[in-house]
file target-v6.txt (compact mmCIF, C-alpha atoms)
# COMPACT_ATOMS: atom_id res chain seq x y z
CA MET A 1280 75.54 166.97 129.07
CA GLY A 1281 78.94 168.02 127.87
CA PRO A 1282 82.40 167.69 129.48
CA SER A 1283 82.56 163.89 129.70
CA TRP A 1284 81.71 163.66 126.00
CA ILE A 1285 85.01 165.36 125.23
CA ALA A 1286 86.78 162.77 127.39
CA GLY A 1287 84.73 160.13 125.58
CA ALA A 1288 85.76 161.55 122.21
CA ILE A 1289 89.42 161.21 123.15
CA ALA A 1290 88.89 157.74 124.60
CA ALA A 1291 86.82 156.55 121.59
CA GLY A 1292 89.57 157.47 119.17
CA PRO A 1293 91.89 155.80 116.67
CA ALA A 1294 94.35 154.66 119.35
CA THR A 1295 91.65 152.78 121.24
CA MET A 1296 90.24 151.48 117.97
CA ALA A 1297 93.71 150.27 116.93
CA SER A 1298 94.16 148.52 120.28
CA LEU A 1299 90.73 146.86 120.09
CA VAL A 1300 91.11 145.75 116.47
CA THR A 1301 94.63 144.48 117.17
CA ALA A 1302 93.45 142.62 120.27
CA GLY A 1303 90.58 140.92 118.47
CA ALA A 1304 92.54 140.14 115.32
CA THR A 1305 95.61 138.83 117.15
CA PHE A 1306 94.14 137.06 120.20
CA GLY A 1307 90.51 136.43 119.30
CA TYR A 1308 88.17 136.80 122.28
CA ALA A 1309 90.90 136.30 124.91
CA LEU A 1310 91.00 139.94 126.03
CA LEU A 1311 87.22 140.50 126.23
CA TRP A 1312 87.50 140.78 130.02
CA ILE A 1313 89.83 143.76 129.80
CA VAL A 1314 87.61 145.45 127.20
CA LEU A 1315 84.69 145.36 129.65
CA LEU A 1316 86.95 146.32 132.56
CA SER A 1317 88.27 149.32 130.62
CA ALA A 1318 84.78 150.87 130.33
CA VAL A 1319 84.06 150.38 134.05
CA LEU A 1320 87.45 151.71 135.15
CA GLY A 1321 87.30 154.55 132.62
CA ALA A 1322 83.98 155.71 134.06
CA SER A 1323 85.37 155.34 137.60
CA ALA A 1324 88.40 157.49 136.77
CA GLN A 1325 86.24 160.20 135.21
CA TYR A 1326 83.89 160.13 138.21
CA LEU A 1327 86.78 160.79 140.59
CA ALA A 1328 88.12 163.55 138.34
CA MET A 1329 84.61 165.03 138.15
CA ARG A 1330 84.28 165.06 141.94
CA LEU A 1331 87.58 166.88 142.32
CA GLY A 1332 86.68 169.48 139.70
CA LEU A 1333 83.16 170.15 140.99
CA LEU A 1334 83.97 170.23 144.69
CA THR A 1335 86.95 172.57 144.26
CA GLU A 1336 85.72 174.56 141.23
CA ALA A 1337 89.35 174.99 140.16
CA GLY A 1338 91.79 173.44 137.69
CA ILE A 1339 93.67 170.37 138.89
CA VAL A 1340 97.09 172.02 138.59
CA THR A 1341 96.00 174.91 140.81
CA ILE A 1342 94.59 172.48 143.37
CA VAL A 1343 97.81 170.44 143.43
CA GLU A 1344 99.94 173.57 143.82
CA ARG A 1345 97.81 174.84 146.71
CA HIS A 1346 97.71 171.61 148.69
CA LEU A 1347 100.83 169.67 147.65
CA GLY A 1348 103.25 172.33 146.46
CA GLU A 1349 104.74 173.69 143.25
CA GLY A 1350 107.06 170.71 142.71
CA TRP A 1351 104.20 168.23 142.61
CA ALA A 1352 102.30 170.52 140.24
CA TRP A 1353 105.23 170.54 137.80
CA VAL A 1354 105.50 166.73 137.95
CA LEU A 1355 101.83 166.45 137.01
CA VAL A 1356 102.16 168.99 134.18
CA ILE A 1357 105.24 167.28 132.70
CA ASP A 1358 103.64 163.85 133.00
CA ALA A 1359 100.42 164.89 131.24
CA VAL A 1360 102.03 167.10 128.59
CA LEU A 1361 104.46 164.37 127.54
CA ALA A 1362 101.67 161.78 127.26
CA ALA A 1363 99.29 164.15 125.46
CA GLY A 1364 102.00 165.59 123.20
CA LEU A 1365 103.20 162.20 121.99
CA ALA A 1366 99.60 161.09 121.45
CA GLN A 1367 98.88 164.29 119.51
CA LEU A 1368 101.65 163.63 116.99
CA VAL A 1369 100.63 160.02 116.36
CA ILE A 1370 96.92 160.89 116.16
CA MET A 1371 97.71 163.60 113.58
CA LYS A 1372 99.71 161.01 111.63
CA SER A 1373 96.64 158.78 111.73
CA VAL A 1374 94.31 161.54 110.52
CA ALA A 1375 96.73 162.54 107.76
CA ASP A 1376 97.39 158.97 106.62
CA ILE A 1377 93.68 158.08 106.55
CA SER A 1378 92.92 161.32 104.70
CA ALA A 1379 95.59 160.42 102.14
CA THR A 1380 94.21 156.90 101.71
CA VAL A 1381 90.67 158.17 101.18
CA THR A 1382 91.53 161.10 98.86
CA GLY A 1383 94.86 160.22 97.27
CA VAL A 1384 96.40 163.55 98.39
CA ASP A 1385 99.81 163.38 100.12
CA ALA A 1386 99.55 162.82 103.90
CA ARG A 1387 101.98 165.66 104.67
CA ILE A 1388 99.75 168.14 102.86
CA TRP A 1389 96.79 166.84 104.84
CA GLY A 1390 98.77 167.18 108.09
CA VAL A 1391 99.46 170.85 107.48
CA GLY A 1392 95.86 171.43 106.42
CA TRP A 1393 94.36 169.70 109.45
CA ALA A 1394 96.71 171.63 111.76
CA VAL A 1395 95.48 174.94 110.33
CA ILE A 1396 91.81 173.87 110.56
CA LEU A 1397 92.40 172.77 114.16
CA ALA A 1398 94.08 176.06 115.11
CA LEU A 1399 91.33 178.19 113.55
CA GLY A 1400 88.50 176.10 115.01
CA LEU A 1401 89.82 175.80 118.56
CA ALA A 1402 91.40 179.24 118.95
CA GLY A 1403 88.43 180.88 117.25
CA ARG A 1404 85.52 179.07 118.88
CA GLY A 1405 87.00 177.44 121.97
CA TYR A 1406 85.30 174.88 124.20
CA ARG A 1407 81.87 174.80 122.55
CA PHE A 1408 83.41 173.83 119.19
CA VAL A 1409 85.17 170.85 120.80
CA GLU A 1410 82.06 169.72 122.67
CA LEU A 1411 79.81 169.85 119.59
CA LEU A 1412 82.38 167.99 117.48
CA ALA A 1413 82.77 165.36 120.20
CA LYS A 1414 79.03 164.70 120.56
CA LEU A 1415 78.40 164.42 116.83
CA LEU A 1416 81.35 162.20 115.96
CA VAL A 1417 81.21 159.91 119.00
CA THR A 1418 77.50 159.28 118.47
CA ALA A 1419 78.00 158.55 114.76
CA VAL A 1420 80.93 156.19 115.32
CA VAL A 1421 79.17 154.30 118.15
CA VAL A 1422 76.04 153.78 116.00
CA ALA A 1423 78.16 152.61 113.05
CA PHE A 1424 80.03 149.96 114.99
CA LEU A 1425 76.98 148.84 116.91
CA ALA A 1426 75.24 148.25 113.57
CA SER A 1427 78.19 146.13 112.41
CA LEU A 1428 77.39 143.55 115.09
CA PHE A 1429 74.27 142.59 113.11
CA VAL A 1430 76.28 141.45 110.07
CA VAL A 1431 79.27 139.80 111.75
CA PRO A 1432 78.69 136.33 113.28
CA ILE A 1433 79.85 136.30 116.92
CA ASP A 1434 80.87 133.04 118.65
CA PRO A 1435 79.07 133.09 122.05
CA ALA A 1436 81.21 130.27 123.53
CA GLY A 1437 84.44 131.95 122.47
CA ALA A 1438 83.26 135.28 123.85
CA ALA A 1439 82.32 133.65 127.18
CA ALA A 1440 85.82 132.14 127.43
CA GLY A 1441 87.23 135.65 126.98
CA LEU A 1442 85.64 136.75 130.26
CA VAL A 1443 88.28 134.77 132.20
CA PRO A 1444 91.09 137.21 133.11
CA ARG A 1445 94.39 136.36 131.43
CA ILE A 1446 96.95 138.15 129.29
CA PRO A 1447 98.25 136.19 126.27
CA ALA A 1448 101.92 135.35 126.51
CA GLY A 1449 104.51 137.49 124.82
CA VAL A 1450 105.31 141.15 124.38
CA ASP A 1451 102.32 141.80 122.10
CA GLY A 1452 99.81 140.64 124.72
CA ALA A 1453 101.17 143.03 127.37
CA ILE A 1454 101.26 145.99 124.98
CA VAL A 1455 97.76 145.43 123.62
CA ALA A 1456 96.28 144.91 127.10
CA ALA A 1457 97.94 148.11 128.32
CA GLY A 1458 96.75 149.87 125.17
CA ILE A 1459 93.11 148.88 125.70
CA LEU A 1460 93.06 150.06 129.29
CA GLY A 1461 95.16 153.11 128.41
CA GLY A 1462 92.46 154.25 126.03
CA ALA A 1463 89.87 154.47 128.81
CA VAL A 1464 92.02 155.36 131.82
CA HIS A 1465 94.50 157.93 130.61
CA ILE A 1466 96.18 160.86 132.31
CA THR A 1467 94.91 163.28 129.67
CA LEU A 1468 91.28 162.34 130.39
CA ILE A 1469 91.77 162.65 134.15
CA THR A 1470 93.59 165.98 134.12
CA MET A 1471 91.44 167.77 131.54
CA HIS A 1472 88.09 167.13 133.25
CA SER A 1473 88.27 169.92 135.81
CA TYR A 1474 88.92 172.44 133.02
CA THR A 1475 86.15 171.33 130.68
CA MET A 1476 83.63 171.46 133.54
CA ARG A 1477 84.72 175.01 134.34
CA ALA A 1478 84.40 175.91 130.65
CA ARG A 1479 80.86 174.48 130.75
CA GLY A 1480 80.11 176.57 133.84
CA TRP A 1481 79.30 173.60 136.06
CA THR A 1482 79.57 173.85 139.87
CA ALA A 1483 78.77 171.59 142.81
CA ARG A 1484 75.07 172.29 142.16
CA ASP A 1485 75.38 170.28 138.93
CA TYR A 1486 76.68 167.14 140.67
CA GLY A 1487 73.78 164.92 139.57
CA LEU A 1488 73.98 166.01 135.94
CA ALA A 1489 77.77 165.63 135.94
CA THR A 1490 77.48 162.09 137.30
CA PHE A 1491 74.94 161.20 134.60
CA ASP A 1492 77.25 162.80 132.03
CA VAL A 1493 80.09 160.45 133.06
CA GLY A 1494 77.86 157.37 132.96
CA ALA A 1495 76.30 158.18 129.59
CA SER A 1496 79.53 159.03 127.78
CA MET A 1497 82.18 156.78 129.33
CA LEU A 1498 80.28 153.76 130.66
CA VAL A 1499 77.55 153.50 127.98
CA ALA A 1500 78.78 155.18 124.77
CA PHE A 1501 82.45 154.30 125.16
CA GLY A 1502 81.61 150.84 126.52
CA VAL A 1503 79.37 150.02 123.54
CA TYR A 1504 81.98 151.42 121.14
CA SER A 1505 84.75 149.27 122.64
CA LEU A 1506 82.69 146.11 122.89
CA ALA A 1507 81.31 146.35 119.33
CA ILE A 1508 84.72 146.98 117.73
CA PHE A 1509 86.41 144.22 119.71
CA LEU A 1510 83.73 141.60 118.97
CA VAL A 1511 83.72 142.44 115.26
CA ALA A 1512 87.52 142.21 115.10
CA ALA A 1513 87.64 138.94 117.04
CA ALA A 1514 84.95 137.37 114.88
CA ALA A 1515 86.04 138.64 111.45
CA LEU A 1516 89.77 139.29 111.62
CA HIS A 1517 91.23 136.70 113.99
CA SER A 1518 93.75 134.45 112.29
CA PRO A 1519 96.95 132.63 113.35
CA ASP A 1520 98.72 134.61 110.64
CA VAL A 1521 97.88 138.02 112.17
CA THR A 1522 100.53 139.71 114.33
CA ALA A 1523 100.01 142.89 116.32
CA GLY A 1524 102.95 144.73 114.80
CA GLU A 1525 101.93 144.13 111.17
CA LEU A 1526 98.21 144.96 111.21
CA THR A 1527 97.24 148.04 109.16
CA ALA A 1528 93.98 149.92 108.77
CA VAL A 1529 93.68 148.90 105.13
CA SER A 1530 94.31 145.20 105.82
CA ALA A 1531 91.69 145.28 108.59
CA ALA A 1532 89.18 146.99 106.31
CA GLN A 1533 89.80 144.57 103.44
CA ALA A 1534 89.27 141.57 105.74
CA LEU A 1535 85.70 142.76 106.34
CA GLY A 1536 84.93 142.67 102.60
CA PRO A 1537 83.48 139.13 102.48
CA LEU A 1538 81.08 140.06 105.29
CA VAL A 1539 79.80 143.48 104.28
CA GLY A 1540 80.69 143.78 100.62
CA SER A 1541 82.93 145.98 98.53
CA SER A 1542 82.16 149.10 100.56
CA ALA A 1543 83.79 147.61 103.69
CA ARG A 1544 87.10 149.34 103.17
CA TRP A 1545 85.53 152.78 102.81
CA LEU A 1546 83.11 152.33 105.71
CA PHE A 1547 85.89 151.19 108.01
CA LEU A 1548 88.24 154.01 106.97
CA LEU A 1549 85.51 156.64 107.32
CA GLY A 1550 84.69 155.35 110.81
CA LEU A 1551 88.35 155.44 111.75
CA TRP A 1552 88.63 158.90 110.20
CA GLY A 1553 85.75 160.25 112.30
CA ALA A 1554 87.18 158.76 115.48
CA ALA A 1555 90.60 160.23 114.70
CA VAL A 1556 89.27 163.74 114.04
CA SER A 1557 87.20 163.82 117.25
CA THR A 1558 90.17 162.67 119.31
CA LEU A 1559 92.53 165.13 117.66
CA GLY A 1560 90.30 168.04 118.61
CA GLY A 1561 89.82 166.96 122.23
CA ASN A 1562 93.45 166.02 122.84
CA THR A 1563 94.72 169.38 121.55
CA VAL A 1564 93.27 171.32 124.48
CA VAL A 1565 94.98 169.24 127.19
CA PRO A 1566 98.55 170.70 127.15
CA PRO A 1567 97.29 174.33 126.90
CA TYR A 1568 94.92 173.81 129.85
CA LEU A 1569 97.66 172.48 132.11
CA ILE A 1570 100.43 174.87 131.07
CA ALA A 1571 98.18 177.94 131.22
CA ASP A 1572 96.90 176.95 134.67
CA LYS A 1573 100.44 176.43 135.95
CA LEU A 1574 101.53 179.84 134.62
CA GLY A 1575 98.50 181.56 136.15
CA TRP A 1576 96.84 182.39 132.82
CA GLY A 1577 93.18 182.06 131.96
CA THR A 1578 92.05 178.72 130.54
CA ASP A 1579 89.62 179.95 127.89
CA VAL A 1580 90.00 181.83 124.62
CA SER A 1581 89.15 185.16 126.25
CA ASP A 1582 92.77 185.15 127.48
CA GLY A 1583 94.99 185.95 124.49
CA ARG A 1584 97.92 183.99 125.96
CA TYR A 1585 95.85 180.82 126.25
CA ARG A 1586 94.45 181.34 122.75
CA ALA A 1587 98.00 181.70 121.33
CA LEU A 1588 99.17 178.60 123.22
CA LEU A 1589 96.18 176.62 121.92
CA ALA A 1590 96.89 177.68 118.34
CA ALA A 1591 100.59 176.82 118.74
CA VAL A 1592 99.85 173.30 119.98
CA ALA A 1593 97.39 172.80 117.11
CA LEU A 1594 99.91 173.95 114.50
CA LEU A 1595 102.80 171.94 115.97
CA SER A 1596 100.69 168.79 115.81
CA GLY A 1597 101.04 169.00 112.03
CA LEU A 1598 104.56 167.60 112.47
CA GLY A 1599 102.96 164.25 113.21
CA ALA A 1600 102.17 163.82 109.51
CA PHE A 1601 105.91 163.62 108.82
CA LEU A 1602 106.51 160.67 111.19
CA GLY A 1603 107.52 157.35 109.63
CA GLY A 1604 106.05 153.92 110.28
CA VAL A 1605 102.58 152.39 110.30
CA PHE A 1606 100.18 154.30 112.55
CA PHE A 1607 98.20 151.27 113.83
CA PRO A 1608 101.00 149.78 116.01
CA LEU A 1609 102.20 153.30 116.88
CA LEU A 1610 98.77 154.16 118.30
CA VAL A 1611 98.77 151.08 120.54
CA LEU A 1612 102.26 151.94 121.79
CA VAL A 1613 101.22 155.55 122.52
CA LEU A 1614 98.30 154.41 124.70
CA ALA A 1615 100.53 152.00 126.57
CA PHE A 1616 103.03 154.81 127.17
CA GLY A 1617 100.27 157.08 128.45
CA LEU A 1618 99.18 154.37 130.88
CA VAL A 1619 102.65 154.50 132.46
CA GLY A 1620 101.97 158.03 133.70
CA THR A 1621 98.38 157.41 134.73
CA PRO A 1622 98.83 155.78 138.19
CA PHE A 1623 100.52 158.96 139.43
CA ALA A 1624 97.57 161.10 138.29
CA ILE A 1625 95.11 158.73 139.98
CA ALA A 1626 97.15 158.86 143.20
CA VAL A 1627 97.09 162.67 143.09
CA VAL A 1628 93.30 162.76 142.64
CA LEU A 1629 92.73 160.26 145.46
CA TYR A 1630 95.06 162.20 147.77
CA LEU A 1631 93.22 165.47 147.13
CA LEU A 1632 89.75 163.90 147.47
CA ASN A 1633 90.75 162.69 150.94
CA SER A 1634 92.30 165.96 152.09
CA ASP A 1635 91.20 169.44 153.10
CA ALA A 1636 91.20 170.39 149.40
CA VAL A 1637 87.53 169.35 149.20
CA PRO A 1638 84.65 170.19 151.55
CA GLU A 1639 83.30 166.65 151.36
CA ARG A 1640 85.79 163.78 151.42
CA ASN A 1641 85.46 160.60 149.40
CA SER A 1642 83.12 157.85 150.53
CA THR A 1643 84.52 154.41 151.37
CA LEU A 1644 83.07 153.02 148.14
CA ALA A 1645 84.65 155.78 146.02
CA ASN A 1646 88.00 155.21 147.73
CA LEU A 1647 87.76 151.47 147.17
CA GLY A 1648 87.08 152.03 143.49
CA GLY A 1649 90.00 154.44 143.31
CA VAL A 1650 92.39 151.97 144.95
CA VAL A 1651 91.30 149.22 142.54
CA LEU A 1652 91.80 151.64 139.66
CA LEU A 1653 95.27 152.54 140.91
CA ALA A 1654 96.26 148.89 141.39
CA VAL A 1655 95.03 147.72 137.97
CA THR A 1656 96.68 150.56 136.05
CA ALA A 1657 99.94 150.13 137.98
CA ILE A 1658 100.03 146.36 137.31
CA LEU A 1659 99.33 146.71 133.59
CA ALA A 1660 101.77 149.61 133.23
CA GLY A 1661 104.44 147.59 135.05
CA ASN A 1662 103.70 144.59 132.86
CA PHE A 1663 104.14 146.76 129.75
CA VAL A 1664 107.42 148.29 130.97
CA GLY A 1665 108.80 144.92 132.08
CA SER A 1666 108.04 143.20 128.79
CA GLN A 1667 108.69 146.04 126.35
CA ALA A 1668 111.19 148.54 127.79
CA LEU A 1669 113.46 146.65 130.20
CA PRO A 1670 114.59 143.93 127.75
CA GLU A 1671 115.74 146.66 125.32
CA LEU A 1672 117.55 149.02 127.69
CA GLY A 1673 120.24 150.88 125.79
CA ASP A 1674 118.00 151.77 122.87
CA PRO A 1675 116.81 155.41 123.19
CA ILE A 1676 113.02 154.93 123.26
CA PRO A 1677 112.84 151.88 125.60
CA THR A 1678 115.40 153.53 127.91
CA PHE A 1679 113.33 156.73 128.04
CA VAL A 1680 110.12 154.78 128.75
CA ALA A 1681 111.84 152.84 131.56
CA ALA A 1682 113.29 156.03 133.09
CA PHE A 1683 109.93 157.80 132.78
CA ALA A 1684 108.17 154.88 134.47
CA ALA A 1685 110.77 154.70 137.26
CA ALA A 1686 110.53 158.43 138.01
CA LEU A 1687 106.73 158.46 138.11
CA GLY A 1688 106.62 155.20 140.06
CA ALA A 1689 108.90 156.73 142.69
CA ALA A 1690 106.78 159.90 142.78
CA THR A 1691 103.63 157.82 143.27
CA LEU A 1692 105.16 155.87 146.16
CA VAL A 1693 106.37 159.08 147.82
CA LEU A 1694 102.89 160.60 147.49
CA ILE A 1695 101.25 157.51 148.99
CA GLY A 1696 103.80 157.53 151.81
CA THR A 1697 103.11 161.22 152.47
CA TYR A 1698 99.38 160.57 152.73
CA VAL A 1699 99.85 157.61 155.10
CA ARG A 1700 102.19 159.63 157.31
CA GLU A 1701 99.79 162.58 157.45
CA SER A 1702 96.88 160.27 158.24
CA PHE A 1703 98.75 158.76 161.19
CA ARG A 1704 99.63 162.24 162.46
CA GLY A 1705 96.00 163.32 162.22
CA ALA A 1706 94.82 160.21 164.06
CA ALA A 1707 97.42 160.73 166.79
CA ALA A 1708 96.42 164.37 167.20
CA ARG A 1709 92.77 163.36 167.68
call {"tool": "encode", "arguments": {"input": "target-v6.txt", "output": "structure tokens"}}
result
Amino acid sequence: MGPSWIAGAIAAGPATMASLVTAGATFGYALLWIVLLSAVLGASAQYLAMRLGLLTEAGIVTIVERHLGEGWAWVLVIDAVLAAGLAQLVIMKSVADISATVTGVDARIWGVGWAVILALGLAGRGYRFVELLAKLLVTAVVVAFLASLFVVPIDPAGAAAGLVPRIPAGVDGAIVAAGILGGAVHITLITMHSYTMRARGWTARDYGLATFDVGASMLVAFGVYSLAIFLVAAAALHSPDVTAGELTAVSAAQALGPLVGSSARWLFLLGLWGAAVSTLGGNTVVPPYLIADKLGWGTDVSDGRYRALLAAVALLSGLGAFLGGVFFPLLVLVLAFGLVGTPFAIAVVLYLLNSDAVPERNSTLANLGGVVLLAVTAILAGNFVGSQALPELGDPIPTFVAAFAAALGAATLVLIGTYVRESFRGAAAR
């Protein structure tokens, strides 16, 4: 196994953890349904991305350029690089802030140090370094949070009530719901998969192993990770006094003290630290993969241009340590923003899997799953934009988010319209 564990490492990161802890602490068990749905839809998205990568044996940007044109390829690159780049800065802030809390050394110094370590590790060792780091850290973090379920009392009736789909009223409910789903179904995870499978050397002959890889990492490991964190947060942290925008890692860790003793703060911070480091490493490779593929460069460290681009992205991520604010609410917001660009990526993958780009087109069941995936992500992204960005038009960040969503929404509709028109032409020709 391999490539899906890198996607799992990014998904099972501090942003997802922040969303899950915030959801449980703020709304209790109310969003349990979306936690379970996120694991299923996350695995579905990676399965579709896996099919495209294996059946074409090429990077997604190259495939889009060949079958849809250069303009569509640039839209995909810009969409993914913006989402991954913003996430990279906030994740680095998380790593640096947690490092500072644990050691007492200034976060900015940690940010520079982590950026150098990242550049040397990724540019020097490449894909295998990322995969090994992902497997070790994801496994450790999943085991840690699964063990926590044995010391935190869960309310079965409350959890059962959380299986009924609903989003708590208010802006916070929409953001947190979008953040939870955005952690599992994210444009960075979808676009990077074709490149990591090529780096692993997998082809169509490895279809069975690749399918098992998706199920083990995204459905099982990520699903257990999400469920355990959410249930612990809902049981131990939920209080009428908790608000999504004010929750911090330290306050969450301290709230666990009465349950697991004086070491709670350190255990929680170390778990968050491990999740943050694994995600930082995996997320760093996404922009270089896409940009290098678009420019016709190699997508491994044997190409000096790709290696330099990878090192540059790693070093630039150090700027994240200089950002202001509390990283917990920033992480949730970053995932919600990434979800805005995800429906377009899903539409692109579905289009290609039902075109001449692949030798074997999607089955009806795979297409049905893809359509459900597209609909759910579009609804939650629209809910987030409508509740968070539109009411604050005029302010720079909400205005940018609204414009970004409008542009990608229009691109998605045009792409769907193009596919429908081509399908009708093909049917008429037959």
call {"tool": "closest_residue", "arguments": {"input": "target-v6.txt", "among": "A:Leu1315, A:Leu1548, A:Leu1569, A:Ala1624", "to": "A:Asp1376", "atoms": "only C-alpha atoms"}}
result
A:Leu1548
call {"tool": "closest_atom_pairs", "arguments": {"input": "target-v6.txt", "of": "stretch 1442-1508 of chain A", "to": "stretch 1636-1652 of chain A", "cutoff": "12 Å", "atoms": "only C-alpha atoms", "output": "Markdown table"}}
result
| residue | atom | partner | partner_atom | distance |
| --- | --- | --- | --- | --- |
| A:Leu1460 | CA | A:Leu1652 | CA | 10.6 |
| A:Gly1461 | CA | A:Leu1652 | CA | 11.8 |
| A:Ala1463 | CA | A:Leu1652 | CA | 11.4 |
| A:Val1464 | CA | A:Leu1652 | CA | 8.7 |
| A:His1465 | CA | A:Leu1652 | CA | 11.3 |
| A:Ala1483 | CA | A:Pro1638 | CA | 10.6 |
call {"tool": "closest_residue", "arguments": {"input": "target-v6.txt", "among": "A:Val1493, A:Ile1285, A:Ala1438, A:Met1476", "to": "A:Leu1311", "atoms": "only C-alpha atoms"}}
result
A:Ala1438
call {"tool": "residues_around", "arguments": {"input": "target-v6.txt", "residues": "stretch 1682-1699 of chain A", "least_positions_apart": "4", "cutoff": "9 Å", "atoms": "only C-alpha atoms", "output": "compact mmCIF listing (two decimals) with C-alpha atoms, keeping the file's coordinate frame"}}
result
# COMPACT_ATOMS: atom_id res chain seq x y z
CA TRP A 1351 104.20 168.23 142.61
CA VAL A 1354 105.50 166.73 137.95
CA ASP A 1358 103.64 163.85 133.00
CA PHE A 1616 103.03 154.81 127.17
CA VAL A 1619 102.65 154.50 132.46
CA GLY A 1620 101.97 158.03 133.70
CA PRO A 1622 98.83 155.78 138.19
CA PHE A 1623 100.52 158.96 139.43
CA ALA A 1624 97.57 161.10 138.29
CA ALA A 1626 97.15 158.86 143.20
CA VAL A 1627 97.09 162.67 143.09
CA TYR A 1630 95.06 162.20 147.77
CA SER A 1634 92.30 165.96 152.09
CA ALA A 1657 99.94 150.13 137.98
CA ALA A 1660 101.77 149.61 133.23
CA GLY A 1661 104.44 147.59 135.05
CA VAL A 1664 107.42 148.29 130.97
CA PRO A 1677 112.84 151.88 125.60
CA THR A 1678 115.40 153.53 127.91
CA PHE A 1703 98.75 158.76 161.19
CA ARG A 1704 99.63 162.24 162.46
call {"tool": "closest_residue", "arguments": {"input": "target-v6.txt", "among": "A:Val1564, A:Ala1328, A:Ile1396, A:Ala1440", "to": "A:Trp1312", "atoms": "only C-alpha atoms"}}
result
A:Ala1440
call {"tool": "residues_around", "arguments": {"input": "target-v6.txt", "residues": "A:Val1356", "least_positions_apart": "2", "cutoff": "8 Å", "atoms": "all atoms listed in the file", "output": "PyMOL selection string"}}
result
chain A and resi 1340+1352-1354+1358-1360+1569-1570+1573
call {"tool": "closest_residue", "arguments": {"input": "target-v6.txt", "among": "A:Phe1509, A:Asp1572, A:Trp1552, A:Ala1654", "to": "A:Ala1304", "atoms": "all atoms listed in the file"}}
result
A:Phe1509
call {"tool": "residues_around", "arguments": {"input": "target-v6.txt", "residues": "A:Val1503", "least_positions_apart": "3", "cutoff": "12 Å", "atoms": "all atoms listed in the file", "output": "number ranges by chain"}}
result
A: 1287, 1291, 1314-1315, 1317-1319, 1417-1418, 1420-1428, 1495-1500, 1506-1510
call {"tool": "atom_distance", "arguments": {"input": "target-v6.txt", "atom1": "atom CA of A:Leu1488", "atom2": "atom CA of A:Gln1325"}}
result
13.6 Å
call {"tool": "closest_residue", "arguments": {"input": "target-v6.txt", "among": "A:Ala1309, A:Ile1357, A:Ile1339, A:Leu1411", "to": "A:His1472", "atoms": "all atoms listed in the file"}}
result
A:Ile1339
call {"tool": "atom_distance", "arguments": {"input": "target-v6.txt", "atom1": "atom CA of A:Gly1575", "atom2": "atom CA of A:Ala1587"}}
result
14.8 Å
call {"tool": "residues_around", "arguments": {"input": "target-v6.txt", "residues": "A:Ser1373", "least_positions_apart": "5", "cutoff": "8 Å", "atoms": "only C-alpha atoms", "output": "PyMOL selection string"}}
result
chain A and resi 1293+1555+1600+1606-1607
call {"tool": "atom_distance", "arguments": {"input": "target-v6.txt", "atom1": "atom CA of A:Leu1669", "atom2": "atom CA of A:Ile1459"}}
result
21.0 Å
call {"tool": "closest_residue", "arguments": {"input": "target-v6.txt", "among": "A:Ala1436, A:Ile1466, A:Ala1363, A:Ala1478", "to": "A:Asp1579", "atoms": "only C-alpha atoms"}}
result
A:Ala1478
call {"tool": "axis_aligned_box", "arguments": {"input": "target-v6.txt", "around": "stretch 1306-1310 of chain A", "padding_each_side": "3 Å", "output": "JSON"}}
result
{"center_x": 91.2, "center_y": 138.1, "center_z": 122.7, "size_x": 12.0, "size_y": 9.6, "size_z": 12.7}
